[in-house]
>>> print(open('work_31.pdb').read())   # PDB, C-alpha atoms
ATOM      1  CA  MET A1233     -27.191  -8.822  16.120
ATOM      2  CA  ALA A1234     -29.574 -11.649  16.841
ATOM      3  CA  SER A1235     -28.105 -15.065  17.280
ATOM      4  CA  THR A1236     -31.344 -17.025  16.583
ATOM      5  CA  ASN A1237     -30.655 -20.347  14.822
ATOM      6  CA  GLN A1238     -26.943 -19.601  14.756
ATOM      7  CA  SER A1239     -24.303 -22.246  15.394
ATOM      8  CA  PRO A1240     -22.482 -22.417  18.763
ATOM      9  CA  PHE A1241     -19.349 -21.178  16.981
ATOM     10  CA  TYR A1242     -21.206 -18.067  15.770
ATOM     11  CA  GLN A1243     -22.619 -17.408  19.224
ATOM     12  CA  GLN A1244     -19.173 -17.759  20.781
ATOM     13  CA  ALA A1245     -17.692 -15.300  18.260
ATOM     14  CA  GLU A1246     -20.594 -12.883  18.846
ATOM     15  CA  GLY A1247     -20.009 -12.996  22.602
ATOM     16  CA  LYS A1248     -16.322 -12.221  22.165
ATOM     17  CA  PHE A1249     -17.178  -9.433  19.713
ATOM     18  CA  LEU A1250     -19.534  -7.804  22.225
ATOM     19  CA  ASN A1251     -16.924  -8.031  25.004
ATOM     20  CA  ALA A1252     -13.986  -6.870  22.875
ATOM     21  CA  LYS A1253     -12.034  -3.912  24.247
ATOM     22  CA  THR A1254     -10.374  -2.726  21.007
ATOM     23  CA  ASP A1255     -11.470  -2.234  17.406
ATOM     24  CA  GLU A1256      -8.782  -4.647  16.243
ATOM     25  CA  GLU A1257     -10.219  -7.326  18.493
ATOM     26  CA  ARG A1258     -13.778  -6.509  17.317
ATOM     27  CA  LEU A1259     -12.750  -6.901  13.684
ATOM     28  CA  LYS A1260     -11.192 -10.284  14.409
ATOM     29  CA  TRP A1261     -14.394 -11.670  15.925
ATOM     30  CA  LEU A1262     -16.583  -9.940  13.338
ATOM     31  CA  ASP A1263     -14.682 -11.825  10.620
ATOM     32  CA  GLU A1264     -15.348 -15.030  12.544
ATOM     33  CA  MET A1265     -19.072 -14.211  12.743
ATOM     34  CA  ILE A1266     -19.184 -13.652   8.962
ATOM     35  CA  ARG A1267     -17.506 -17.005   8.377
ATOM     36  CA  GLU A1268     -19.946 -18.799  10.695
ATOM     37  CA  CYS A1269     -23.096 -16.998   9.527
ATOM     38  CA  PRO A1270     -25.438 -19.304   7.535
ATOM     39  CA  LYS A1271     -25.452 -18.633   3.806
ATOM     40  CA  HIS A1272     -29.107 -19.579   3.145
ATOM     41  CA  LYS A1273     -31.670 -17.025   1.921
ATOM     42  CA  SER A1274     -33.263 -16.254   5.284
ATOM     43  CA  ALA A1275     -29.870 -15.166   6.639
ATOM     44  CA  GLU A1276     -28.974 -12.877   3.720
ATOM     45  CA  LYS A1277     -30.002  -9.688   5.552
ATOM     46  CA  MET A1278     -28.021 -10.638   8.640
ATOM     47  CA  LEU A1279     -24.926 -11.403   6.564
ATOM     48  CA  ALA A1280     -25.297  -8.096   4.692
ATOM     49  CA  ASN A1281     -25.507  -6.223   8.007
ATOM     50  CA  LEU A1282     -22.388  -7.972   9.278
ATOM     51  CA  LYS A1283     -20.463  -7.038   6.131
ATOM     52  CA  THR A1284     -21.635  -3.423   6.367
ATOM     53  CA  ARG A1285     -20.511  -3.231   9.987
ATOM     54  CA  ARG A1286     -17.171  -4.783   9.019
ATOM     55  CA  LYS A1287     -16.668  -2.196   6.258
ATOM     56  CA  LYS A1288     -17.345   0.694   8.647
ATOM     57  CA  LEU A1289     -15.086  -0.757  11.331
ATOM     58  CA  LEU A1290     -12.266  -1.263   8.823
ATOM     59  CA  GLU A1291     -12.629   2.335   7.589
ATOM     60  CA  LYS A1292     -12.397   3.530  11.186
ATOM     61  CA  LEU A1293      -9.250   1.496  11.809
ATOM     62  CA  ASN A1294      -7.539   2.639   8.623
ATOM     63  CA  LYS A1295      -8.411   6.275   9.341
ATOM     64  CA  SER A1296      -7.015   6.134  12.884
ATOM     65  CA  LYS A1297      -3.811   4.454  11.710
ATOM     66  CA  LYS A1298      -3.214   7.025   8.957
ATOM     67  CA  SER A1299      -3.802   9.969  11.289
ATOM     68  CA  GLY A1300      -2.069   8.515  14.324
ATOM     69  CA  SER A1301       1.037   6.710  13.191
ATOM     70  CA  GLY A1302       2.586   6.735   9.760
ATOM     71  CA  LYS A1303       5.740   4.973   8.633
ATOM     72  CA  SER A1304       8.010   7.615  10.095
ATOM     73  CA  SER A1305       6.731   7.203  13.658
ATOM     74  CA  SER A1306       6.135   3.435  13.791
ATOM     75  CA  LYS A1307       9.558   2.457  15.015
ATOM     76  CA  SER A1308       9.972   5.354  17.439
ATOM     77  CA  ASN A1309       7.074   4.042  19.495
ATOM     78  CA  ILE A1310       8.769   0.695  20.099
ATOM     79  CA  LYS A1311      11.468   0.558  22.751
ATOM     80  CA  LYS A1312      13.816  -2.406  22.377
ATOM     81  CA  HIS A1313      13.796  -4.980  25.173
ATOM     82  CA  GLU A1314      16.699  -7.206  26.204
ATOM     83  CA  MET A1315      15.371 -10.051  24.061
ATOM     84  CA  GLN A1316      13.688  -8.969  20.832
ATOM     85  CA  ALA A1317      12.425 -11.139  17.971
ATOM     86  CA  VAL A1318      10.819  -9.862  14.769
ATOM     87  CA  ILE A1319       8.330 -11.810  12.632
ATOM     88  CA  LEU A1320       8.691 -11.028   8.946
ATOM     89  CA  GLY A1321       7.496 -12.516   5.692
ATOM     90  CA  LYS A1322       5.206 -12.046   2.729
ATOM     91  CA  THR A1323       1.574 -11.051   2.987
ATOM     92  CA  ASN A1324      -0.987 -13.630   4.151
ATOM     93  CA  THR A1325       1.555 -16.052   5.602
ATOM     94  CA  GLY A1326       0.000 -15.884   9.076
ATOM     95  CA  LYS A1327       2.232 -13.342  10.838
ATOM     96  CA  SER A1328      -0.598 -11.757  12.834
ATOM     97  CA  SER A1329      -1.991 -15.154  13.785
ATOM     98  CA  LEU A1330       1.431 -16.228  15.060
ATOM     99  CA  LEU A1331       1.791 -13.044  17.110
ATOM    100  CA  PHE A1332      -1.626 -13.715  18.642
ATOM    101  CA  ILE A1333      -0.791 -17.339  19.509
ATOM    102  CA  LEU A1334       2.552 -16.495  21.115
ATOM    103  CA  THR A1335       1.600 -13.327  22.976
ATOM    104  CA  ASN A1336      -2.219 -13.105  23.169
ATOM    105  CA  THR A1337      -1.928  -9.689  21.546
ATOM    106  CA  PHE A1338      -4.885  -8.874  19.284
ATOM    107  CA  PRO A1339      -3.430  -7.759  15.936
ATOM    108  CA  LEU A1340      -5.681  -7.176  12.941
ATOM    109  CA  ILE A1341      -6.217 -10.571  11.264
ATOM    110  CA  ALA A1342      -8.002 -10.857   7.908
ATOM    111  CA  ASP A1343      -7.932 -12.781   4.635
ATOM    112  CA  TYR A1344      -7.088  -9.795   2.449
ATOM    113  CA  GLU A1345      -3.530  -8.698   1.635
ATOM    114  CA  PHE A1346      -1.373  -6.214   3.569
ATOM    115  CA  THR A1347      -3.535  -6.185   6.710
ATOM    116  CA  THR A1348      -0.661  -5.000   8.922
ATOM    117  CA  LYS A1349       0.375  -1.413   8.184
ATOM    118  CA  ASN A1350       2.261  -0.670  11.413
ATOM    119  CA  PRO A1351       4.507  -2.838  13.589
ATOM    120  CA  GLN A1352       2.541  -4.770  16.196
ATOM    121  CA  GLN A1353       4.242  -5.896  19.392
ATOM    122  CA  GLY A1354       3.506  -8.275  22.221
ATOM    123  CA  ILE A1355       5.337  -9.976  25.078
ATOM    124  CA  PHE A1356       6.006 -13.694  24.897
ATOM    125  CA  HIS A1357       6.171 -15.141  28.429
ATOM    126  CA  TYR A1358       8.252 -18.293  28.422
ATOM    127  CA  LYS A1359       6.884 -21.123  30.604
ATOM    128  CA  ASN A1360       6.012 -18.787  33.490
ATOM    129  CA  ALA A1361       9.717 -18.623  34.299
ATOM    130  CA  GLY A1362       9.904 -14.848  34.299
ATOM    131  CA  VAL A1363      11.495 -14.671  30.854
ATOM    132  CA  GLN A1364       9.891 -12.004  28.703
ATOM    133  CA  ILE A1365      10.649 -11.862  24.992
ATOM    134  CA  GLN A1366       9.542  -8.868  22.959
ATOM    135  CA  LEU A1367       7.901 -10.140  19.769
ATOM    136  CA  ILE A1368       7.197  -7.735  16.915
ATOM    137  CA  GLU A1369       5.247  -8.370  13.730
ATOM    138  CA  ILE A1370       6.197  -5.981  10.942
ATOM    139  CA  PRO A1371       4.330  -5.254   7.694
ATOM    140  CA  ALA A1372       4.830  -7.654   4.771
ATOM    141  CA  ILE A1373       8.086  -7.381   2.820
ATOM    142  CA  GLU A1374       6.142  -6.387  -0.333
ATOM    143  CA  SER A1375       4.343  -3.608   1.533
ATOM    144  CA  GLU A1376       5.234   0.084   1.379
ATOM    145  CA  TYR A1377       5.098  -0.001   5.200
ATOM    146  CA  PHE A1378       7.892  -2.606   5.536
ATOM    147  CA  ASP A1379      10.266  -1.416   8.299
ATOM    148  CA  LYS A1380      13.939  -2.342   7.799
ATOM    149  CA  GLY A1381      14.948  -0.459  10.936
ATOM    150  CA  LEU A1382      13.265  -2.961  13.223
ATOM    151  CA  VAL A1383      14.843  -5.822  11.286
ATOM    152  CA  ASN A1384      18.304  -4.344  11.826
ATOM    153  CA  SER A1385      17.815  -3.915  15.582
ATOM    154  CA  ALA A1386      16.356  -7.386  16.243
ATOM    155  CA  ASP A1387      18.241 -10.178  18.016
ATOM    156  CA  THR A1388      16.264 -12.906  16.247
ATOM    157  CA  LEU A1389      14.381 -12.916  12.949
ATOM    158  CA  ILE A1390      11.483 -15.298  12.428
ATOM    159  CA  PHE A1391      11.030 -15.909   8.697
ATOM    160  CA  LEU A1392       7.392 -16.975   8.387
ATOM    161  CA  ILE A1393       6.971 -18.674   5.027
ATOM    162  CA  THR A1394       4.538 -20.874   3.092
ATOM    163  CA  ASN A1395       6.965 -21.624   0.265
ATOM    164  CA  ILE A1396      10.699 -22.359   0.413
ATOM    165  CA  SER A1397      11.367 -19.767  -2.306
ATOM    166  CA  ASP A1398      10.137 -17.114   0.180
ATOM    167  CA  ILE A1399      13.427 -17.393   2.089
ATOM    168  CA  GLN A1400      15.589 -15.863  -0.618
ATOM    169  CA  GLU A1401      12.972 -13.218  -1.329
ATOM    170  CA  ILE A1402      13.018 -12.155   2.329
ATOM    171  CA  GLU A1403      16.831 -12.191   2.458
ATOM    172  CA  SER A1404      16.946  -9.883  -0.570
ATOM    173  CA  LYS A1405      14.948  -7.289   1.376
ATOM    174  CA  ILE A1406      17.127  -7.142   4.492
ATOM    175  CA  HIS A1407      20.705  -5.979   5.058
ATOM    176  CA  ASN A1408      23.049  -4.987   7.885
ATOM    177  CA  THR A1409      21.723  -7.502  10.361
ATOM    178  CA  HIS A1410      23.556 -10.219  12.263
ATOM    179  CA  ALA A1411      20.389 -11.513  13.892
ATOM    180  CA  LYS A1412      19.835 -15.236  14.104
ATOM    181  CA  ARG A1413      17.288 -16.682  11.703
ATOM    182  CA  ILE A1414      14.536 -19.196  12.426
ATOM    183  CA  ILE A1415      12.709 -20.479   9.356
ATOM    184  CA  VAL A1416       9.073 -21.164  10.237
ATOM    185  CA  PHE A1417       7.078 -22.960   7.533
ATOM    186  CA  ASN A1418       3.389 -22.286   8.201
ATOM    187  CA  LYS A1419       0.089 -23.821   7.052
ATOM    188  CA  ILE A1420       1.221 -27.445   7.208
ATOM    189  CA  ASP A1421      -2.404 -28.362   7.968
ATOM    190  CA  LEU A1422      -2.845 -28.034   4.185
ATOM    191  CA  LEU A1423      -0.049 -30.529   3.401
ATOM    192  CA  ASN A1424       0.141 -34.320   3.430
ATOM    193  CA  ASP A1425       2.892 -36.282   5.192
ATOM    194  CA  LEU A1426       4.984 -36.736   2.032
ATOM    195  CA  GLU A1427       4.942 -32.993   1.294
ATOM    196  CA  LYS A1428       5.991 -32.203   4.862
ATOM    197  CA  ARG A1429       8.863 -34.705   4.713
ATOM    198  CA  LYS A1430      10.134 -33.184   1.463
ATOM    199  CA  ILE A1431      10.048 -29.663   2.891
ATOM    200  CA  SER A1432      11.864 -30.794   6.059
ATOM    201  CA  ALA A1433      14.515 -32.591   4.001
ATOM    202  CA  THR A1434      15.123 -29.530   1.840
ATOM    203  CA  LEU A1435      15.437 -27.136   4.781
ATOM    204  CA  GLN A1436      17.677 -29.591   6.639
ATOM    205  CA  SER A1437      19.964 -29.978   3.620
ATOM    206  CA  LYS A1438      20.435 -26.205   3.598
ATOM    207  CA  LYS A1439      21.275 -26.320   7.335
ATOM    208  CA  TYR A1440      18.544 -23.909   8.355
ATOM    209  CA  ASP A1441      17.266 -23.708  11.907
ATOM    210  CA  PHE A1442      13.644 -24.466  11.077
ATOM    211  CA  VAL A1443      10.300 -25.763  12.263
ATOM    212  CA  LEU A1444       7.092 -26.665  10.426
ATOM    213  CA  ILE A1445       3.946 -25.292  12.100
ATOM    214  CA  SER A1446       0.270 -24.558  11.663
ATOM    215  CA  THR A1447      -1.174 -21.389  13.174
ATOM    216  CA  LYS A1448      -4.603 -22.892  12.539
ATOM    217  CA  THR A1449      -4.117 -26.110  14.543
ATOM    218  CA  GLU A1450      -1.140 -24.796  16.616
ATOM    219  CA  GLU A1451       0.898 -27.879  15.648
ATOM    220  CA  SER A1452       4.578 -27.593  16.714
ATOM    221  CA  ILE A1453       4.055 -24.202  18.415
ATOM    222  CA  ASN A1454       5.811 -25.460  21.568
ATOM    223  CA  GLU A1455       8.814 -26.497  19.489
ATOM    224  CA  LEU A1456       8.908 -23.004  17.998
ATOM    225  CA  LYS A1457       8.813 -21.455  21.487
ATOM    226  CA  GLU A1458      11.893 -23.486  22.481
ATOM    227  CA  LYS A1459      13.732 -22.407  19.344
ATOM    228  CA  ILE A1460      12.937 -18.743  19.945
ATOM    229  CA  LEU A1461      14.322 -18.869  23.490
ATOM    230  CA  LYS A1462      17.483 -20.757  22.468
ATOM    231  CA  SER A1463      18.170 -18.339  19.613
ATOM    232  CA  PHE A1464      19.102 -15.548  22.010
ATOM    233  CA  ASN A1465      22.018 -17.464  23.550
ATOM    234  CA  LYS A1466      21.460 -15.749  26.893
ATOM    235  CA  LEU A1467      21.900 -16.857  30.496
ATOM    236  CA  ARG A1468      18.988 -16.827  32.940
ATOM    237  CA  VAL A1469      20.354 -16.304  36.452
ATOM    238  CA  TYR A1470      18.109 -16.152  39.507
ATOM    239  CA  THR A1471      18.993 -14.347  42.717
ATOM    240  CA  LYS A1472      17.994 -15.151  46.295
ATOM    241  CA  GLU A1473      18.318 -13.633  49.721
ATOM    242  CA  PRO A1474      19.706 -15.753  52.590
ATOM    243  CA  GLY A1475      16.983 -17.982  53.997
ATOM    244  CA  LYS A1476      14.520 -17.190  51.213
ATOM    245  CA  SER A1477      13.434 -18.788  47.932
ATOM    246  CA  PRO A1478      14.929 -17.690  44.599
ATOM    247  CA  SER A1479      13.309 -14.816  42.750
ATOM    248  CA  ASP A1480      10.688 -15.596  40.106
ATOM    249  CA  LYS A1481      12.213 -13.322  37.491
ATOM    250  CA  PRO A1482      15.706 -14.120  36.174
ATOM    251  CA  ILE A1483      18.415 -11.645  35.308
ATOM    252  CA  ILE A1484      19.278 -11.945  31.616
ATOM    253  CA  LEU A1485      23.012 -12.014  30.862
ATOM    254  CA  ASP A1486      25.402 -12.737  28.018
ATOM    255  CA  PRO A1487      27.345 -16.021  27.928
ATOM    256  CA  THR A1488      30.525 -16.172  30.088
ATOM    257  CA  SER A1489      29.048 -13.570  32.472
ATOM    258  CA  THR A1490      30.354 -13.624  36.044
ATOM    259  CA  VAL A1491      28.903 -13.229  39.511
ATOM    260  CA  LYS A1492      30.131  -9.624  39.441
ATOM    261  CA  ASP A1493      28.069  -8.991  36.293
ATOM    262  CA  VAL A1494      24.949 -10.127  38.140
ATOM    263  CA  ALA A1495      25.670  -7.791  41.055
ATOM    264  CA  GLU A1496      26.337  -4.811  38.798
ATOM    265  CA  LYS A1497      23.171  -5.423  36.840
ATOM    266  CA  ILE A1498      21.184  -5.338  40.081
ATOM    267  CA  LEU A1499      22.762  -2.002  41.003
ATOM    268  CA  HIS A1500      25.858  -0.193  39.775
ATOM    269  CA  GLY A1501      28.558  -0.476  42.454
ATOM    270  CA  PHE A1502      26.696  -3.230  44.308
ATOM    271  CA  SER A1503      29.565  -5.709  43.833
ATOM    272  CA  LYS A1504      31.733  -3.626  46.197
ATOM    273  CA  GLN A1505      29.292  -4.250  49.042
ATOM    274  CA  ILE A1506      29.347  -8.050  48.723
ATOM    275  CA  THR A1507      31.181 -10.070  51.384
ATOM    276  CA  GLU A1508      30.135 -13.593  50.370
ATOM    277  CA  THR A1509      28.532 -15.306  47.385
ATOM    278  CA  LYS A1510      26.928 -18.757  47.215
ATOM    279  CA  ILE A1511      25.589 -20.483  44.117
ATOM    280  CA  TRP A1512      23.293 -23.364  43.247
ATOM    281  CA  GLY A1513      22.826 -24.856  39.813
ATOM    282  CA  PRO A1514      24.767 -26.006  36.747
ATOM    283  CA  SER A1515      27.990 -24.056  37.460
ATOM    284  CA  SER A1516      28.271 -25.179  41.095
ATOM    285  CA  LYS A1517      30.254 -28.202  42.272
ATOM    286  CA  PHE A1518      27.737 -28.690  45.076
ATOM    287  CA  PRO A1519      24.648 -26.783  46.334
ATOM    288  CA  GLY A1520      25.501 -23.571  48.162
ATOM    289  CA  GLN A1521      29.123 -23.475  46.946
ATOM    290  CA  LYS A1522      30.992 -20.320  47.952
ATOM    291  CA  VAL A1523      32.516 -18.582  44.930
ATOM    292  CA  SER A1524      34.316 -15.363  44.050
ATOM    293  CA  LEU A1525      32.983 -12.486  41.984
ATOM    294  CA  LYS A1526      35.008 -13.840  39.027
ATOM    295  CA  HIS A1527      33.074 -17.121  38.956
ATOM    296  CA  ILE A1528      31.634 -17.774  35.461
ATOM    297  CA  LEU A1529      27.962 -18.622  35.522
ATOM    298  CA  LYS A1530      25.770 -21.010  33.540
ATOM    299  CA  ASP A1531      22.131 -20.901  32.500
ATOM    300  CA  LEU A1532      19.645 -21.389  35.389
ATOM    301  CA  ASP A1533      22.185 -20.752  38.155
ATOM    302  CA  VAL A1534      20.945 -19.297  41.454
ATOM    303  CA  VAL A1535      23.114 -16.702  43.202
ATOM    304  CA  GLU A1536      22.913 -15.596  46.845
ATOM    305  CA  PHE A1537      24.707 -12.473  48.053
ATOM    306  CA  LYS A1538      25.695 -11.422  51.562
ATOM    307  CA  THR A1539      26.580  -7.778  52.001
ATOM    308  CA  ARG A1540      28.279  -5.583  54.576
TER     309      ARG A1540
END
>>> encode(input="work_31.pdb", output="C-alpha cells")
Amino acid sequence: MASTNQSPFYQQAEGKFLNAKTDEERLKWLDEMIRECPKHKSAEKMLANLKTRRKKLLEKLNKSKKSGSGKSSSKSNIKKHEMQAVILGKTNTGKSSLLFILTNTFPLIADYEFTTKNPQQGIFHYKNAGVQIQLIEIPAIESEYFDKGLVNSADTLIFLITNISDIQEIESKIHNTHAKRIIVFNKIDLLNDLEKRKISATLQSKKYDFVLISTKTEESINELKEKILKSFNKLRVYTKEPGKSPSDKPIILDPTSTVKDVAEKILHGFSKQITETKIWGPSSKFPGQKVSLKHILKDLDVVEFKTR
C-alpha cells in the first residue's frame, strides 16, 4: 500500500498496520487507514483495495471465531481473577474502545453492529501499584452471543451507555448478580455543556455511581479508573522483610482482614511460624508498631514478619 500524498495520520495508521501482531489489531488500523484515505478520484483505486483487504480480513476473523470458540466455550476459557469487572451494554456504545483504553488489549473495533462475538479480556494495571484488575468486555446485550454467566460471576459491572434509558434495558437482561454497578455515560464529546449537566443531574437524582466519559477524547477516564478500583471494596496490604523495602505487589484482602489472614494467604500454615509482626500505615499508631496476629488491617498497610 503506497502512502504517496497521504496525510501523516494515514501514514501513522499504515505503519501500525504493518507492525501489527494480530488480525484484530490489523483490522483496527486498516479501518483507520480507510477513514484517513483521500476520497478524491485519483485515490479511488487505493480506497477500493483497502476495502477489499478489509473484507477478506474480516472474513478470516469471523471464520476463525466460528471454528475456534463458540458461545459454549467462551466462558470456559476465562479464569476469574481476584478482582473482576465486566463491561456490558448495547451495541456500538464503545465497549471495545473502553477495553483498549484501560488495558491496551486490541479488541476488534468497528462502526458496524455486534462487532464483539466472544468475551474479550485484558488486565487493568492500577497506577503501577501492583494492583491488577481483570476487565472483560462481553457481547452486546441484544446479541445472540451475550454471556450472562460472566455477568453473574463479576465483582463489578460497568454499564456503558449512550442514553439513560439503556440502564433499565441492561438491568432487564441480567439476574442473580450482586455485583456493584458503575454507570458510564460515553460519547460526551458529542454533547454540549447543558446536555451534560442534565444527564449528570438525572443520574445523581437516581443515586447511581456514575461518570460521564468520552472514549474518543479520553475525558474523565482517570475518574473512571478510581471508581473501578473503589468498587471492589478490597484492602491492598504490602509485605516487607526486615531491613528491606516493601514489596511492589500488594496482597488483596477483604475488609476487616487481620495480620493472620495476610500470613495465611502467603502460605497456608505460615502464621504458626511467626514470632513478631510490625506494621506501618493507616492502621498503625506509629511506624513499626508491634501487633498481634488478630490486628485488623486497613488499606495500604505494610506488614513485616519475623519467623522462627
>>> resolve_selection(input="work_31.pdb", expression="the PyMOL selection byres ((chain A and resi 1380) around 10)", output="PDB file with C-alpha atoms, in the coordinates of the input")
ATOM      1  CA  LYS A1307       9.558   2.457  15.015  1.00  0.00           C
ATOM      2  CA  ILE A1370       6.197  -5.981  10.942  1.00  0.00           C
ATOM      3  CA  ILE A1373       8.086  -7.381   2.820  1.00  0.00           C
ATOM      4  CA  TYR A1377       5.098  -0.001   5.200  1.00  0.00           C
ATOM      5  CA  PHE A1378       7.892  -2.606   5.536  1.00  0.00           C
ATOM      6  CA  ASP A1379      10.266  -1.416   8.299  1.00  0.00           C
ATOM      7  CA  GLY A1381      14.948  -0.459  10.936  1.00  0.00           C
ATOM      8  CA  LEU A1382      13.265  -2.961  13.223  1.00  0.00           C
ATOM      9  CA  VAL A1383      14.843  -5.822  11.286  1.00  0.00           C
ATOM     10  CA  ASN A1384      18.304  -4.344  11.826  1.00  0.00           C
ATOM     11  CA  SER A1385      17.815  -3.915  15.582  1.00  0.00           C
ATOM     12  CA  LYS A1405      14.948  -7.289   1.376  1.00  0.00           C
ATOM     13  CA  ILE A1406      17.127  -7.142   4.492  1.00  0.00           C
ATOM     14  CA  HIS A1407      20.705  -5.979   5.058  1.00  0.00           C
ATOM     15  CA  ASN A1408      23.049  -4.987   7.885  1.00  0.00           C
ATOM     16  CA  THR A1409      21.723  -7.502  10.361  1.00  0.00           C
TER      17      THR A1409
END
>>> residues_around(input="work_31.pdb", residues="Arg1468 in chain A", least_positions_apart="3", cutoff="10 Å", atoms="all atoms listed in the file", output="list of chain:residue names")
A:Ala1361, A:Gly1362, A:Val1363, A:Asn1465, A:Lys1481, A:Pro1482, A:Ile1483, A:Ile1484, A:Leu1485, A:Asp1486, A:Pro1487, A:Leu1529, A:Lys1530, A:Asp1531, A:Leu1532, A:Asp1533, A:Val1534
>>> residues_around(input="work_31.pdb", residues="Ala1280 in chain A", least_positions_apart="6", cutoff="12 Å", atoms="only C-alpha atoms", output="list in words")
Met1233, Met1265, Ile1266, Cys1269, Pro1270, Lys1271, Lys1273, Ser1274, Arg1286 and Lys1287 of chain A
>>> atom_distance(input="work_31.pdb", atom1="CA of Leu1289 in chain A", atom2="CA of Pro1240 in chain A")
24.1 Å
>>> closest_residue(input="work_31.pdb", among="A:Asp1387, A:Glu1450, A:Glu1458, A:Glu1401", to="His1357 in chain A", atoms="all atoms listed in the file")
A:Glu1458
>>> residues_near_point(input="work_31.pdb", point="(4.9, -22.5, 10.1)", cutoff="10 Å", atoms="only C-alpha atoms", output="CSV table (one decimal) with C-alpha atoms, keeping the file's coordinate frame")
chain,number,residue,atom,x,y,z
A,1325,THR,CA,1.6,-16.1,5.6
A,1326,GLY,CA,0.0,-15.9,9.1
A,1327,LYS,CA,2.2,-13.3,10.8
A,1330,LEU,CA,1.4,-16.2,15.1
A,1391,PHE,CA,11.0,-15.9,8.7
A,1392,LEU,CA,7.4,-17.0,8.4
A,1393,ILE,CA,7.0,-18.7,5.0
A,1394,THR,CA,4.5,-20.9,3.1
A,1415,ILE,CA,12.7,-20.5,9.4
A,1416,VAL,CA,9.1,-21.2,10.2
A,1417,PHE,CA,7.1,-23.0,7.5
A,1418,ASN,CA,3.4,-22.3,8.2
A,1419,LYS,CA,0.1,-23.8,7.1
A,1420,ILE,CA,1.2,-27.4,7.2
A,1421,ASP,CA,-2.4,-28.4,8.0
A,1442,PHE,CA,13.6,-24.5,11.1
A,1443,VAL,CA,10.3,-25.8,12.3
A,1444,LEU,CA,7.1,-26.7,10.4
A,1445,ILE,CA,3.9,-25.3,12.1
A,1446,SER,CA,0.3,-24.6,11.7
A,1447,THR,CA,-1.2,-21.4,13.2
A,1448,LYS,CA,-4.6,-22.9,12.5
A,1450,GLU,CA,-1.1,-24.8,16.6
A,1451,GLU,CA,0.9,-27.9,15.6
A,1452,SER,CA,4.6,-27.6,16.7
A,1453,ILE,CA,4.1,-24.2,18.4
A,1456,LEU,CA,8.9,-23.0,18.0
>>> atom_distance(input="work_31.pdb", atom1="CA of Ser1489 in chain A", atom2="CA of Lys1476 in chain A")
24.0 Å
>>> closest_residue(input="work_31.pdb", among="A:Ser1397, A:Asn1294, A:Thr1449, A:Thr1388", to="Ala1411 in chain A", atoms="all atoms listed in the file")
A:Thr1388
>>> resolve_selection(input="work_31.pdb", expression="the PyMOL selection byres ((chain A and resi 1536) around 8)", output="list in words")
Thr1471, Lys1472, Glu1473, Pro1474, Thr1509, Lys1510, Ile1511, Val1534, Val1535, Phe1537 and Lys1538 of chain A
>>> residues_around(input="work_31.pdb", residues="Asp1493 in chain A", least_positions_apart="3", cutoff="10 Å", atoms="all atoms listed in the file", output="list in words")
Leu1485, Asp1486, Thr1488, Ser1489, Thr1490, Glu1496, Lys1497, Ile1498, Leu1499, His1500, Phe1502, Ser1503, Leu1525, Lys1526, His1527, Ile1528 and Leu1529 of chain A
>>> closest_residue(input="work_31.pdb", among="A:Thr1539, A:Gln1316, A:Gln1244, A:Gln1366", to="Lys1504 in chain A", atoms="all atoms listed in the file")
A:Thr1539
>>> closest_residue(input="work_31.pdb", among="A:Ile1396, A:Val1494, A:Met1315, A:Leu1423", to="Ser1463 in chain A", atoms="all atoms listed in the file")
A:Met1315
>>> axis_aligned_box(input="work_31.pdb", around="range 1505-1522 of chain A", padding_each_side="4 Å", output="AutoDock Vina command-line options")
--center_x 27.0 --center_y -16.5 --center_z 44.1 --size_x 16.4 --size_y 32.4 --size_z 22.6
>>> atom_distance(input="work_31.pdb", atom1="CA of His1313 in chain A", atom2="CA of Glu1369 in chain A")
14.7 Å
>>> closest_residue(input="work_31.pdb", among="A:Lys1260, A:Glu1276, A:Ala1372, A:Ala1317", to="Leu1461 in chain A", atoms="all atoms listed in the file")
A:Ala1317
>>> decode(input="work_31.pdb", residues="range 1252-1261 of chain A", atoms="N, CA and C atoms", output="PDB file, in the first residue's frame")
ATOM      1  N   ALA A1252       1.499  -4.706  13.079  1.00  0.00           N
ATOM      2  CA  ALA A1252       0.516  -5.374  13.952  1.00  0.00           C
ATOM      3  C   ALA A1252       0.845  -6.855  14.081  1.00  0.00           C
ATOM      4  N   LYS A1253       0.585  -7.398  15.269  1.00  0.00           N
ATOM      5  CA  LYS A1253       0.907  -8.804  15.542  1.00  0.00           C
ATOM      6  C   LYS A1253      -0.312  -9.719  15.445  1.00  0.00           C
ATOM      7  N   THR A1254      -1.529  -9.145  15.473  1.00  0.00           N
ATOM      8  CA  THR A1254      -2.742  -9.957  15.402  1.00  0.00           C
ATOM      9  C   THR A1254      -3.673  -9.410  14.328  1.00  0.00           C
ATOM     10  N   ASP A1255      -4.577 -10.263  13.853  1.00  0.00           N
ATOM     11  CA  ASP A1255      -5.544  -9.821  12.845  1.00  0.00           C
ATOM     12  C   ASP A1255      -6.501  -8.780  13.411  1.00  0.00           C
ATOM     13  N   GLU A1256      -6.835  -8.904  14.683  1.00  0.00           N
ATOM     14  CA  GLU A1256      -7.715  -7.911  15.305  1.00  0.00           C
ATOM     15  C   GLU A1256      -7.071  -6.532  15.276  1.00  0.00           C
ATOM     16  N   GLU A1257      -5.785  -6.505  15.593  1.00  0.00           N
ATOM     17  CA  GLU A1257      -5.044  -5.248  15.587  1.00  0.00           C
ATOM     18  C   GLU A1257      -4.929  -4.714  14.153  1.00  0.00           C
ATOM     19  N   ARG A1258      -4.703  -5.601  13.177  1.00  0.00           N
ATOM     20  CA  ARG A1258      -4.611  -5.174  11.776  1.00  0.00           C
ATOM     21  C   ARG A1258      -5.924  -4.547  11.305  1.00  0.00           C
ATOM     22  N   LEU A1259      -7.036  -5.148  11.704  1.00  0.00           N
ATOM     23  CA  LEU A1259      -8.334  -4.619  11.286  1.00  0.00           C
ATOM     24  C   LEU A1259      -8.567  -3.230  11.866  1.00  0.00           C
ATOM     25  N   LYS A1260      -8.144  -3.040  13.100  1.00  0.00           N
ATOM     26  CA  LYS A1260      -8.306  -1.733  13.749  1.00  0.00           C
ATOM     27  C   LYS A1260      -7.589  -0.644  12.953  1.00  0.00           C
ATOM     28  N   TRP A1261      -6.340  -0.893  12.581  1.00  0.00           N
ATOM     29  CA  TRP A1261      -5.566   0.120  11.871  1.00  0.00           C
ATOM     30  C   TRP A1261      -5.958   0.210  10.400  1.00  0.00           C
TER      31      TRP A1261
END
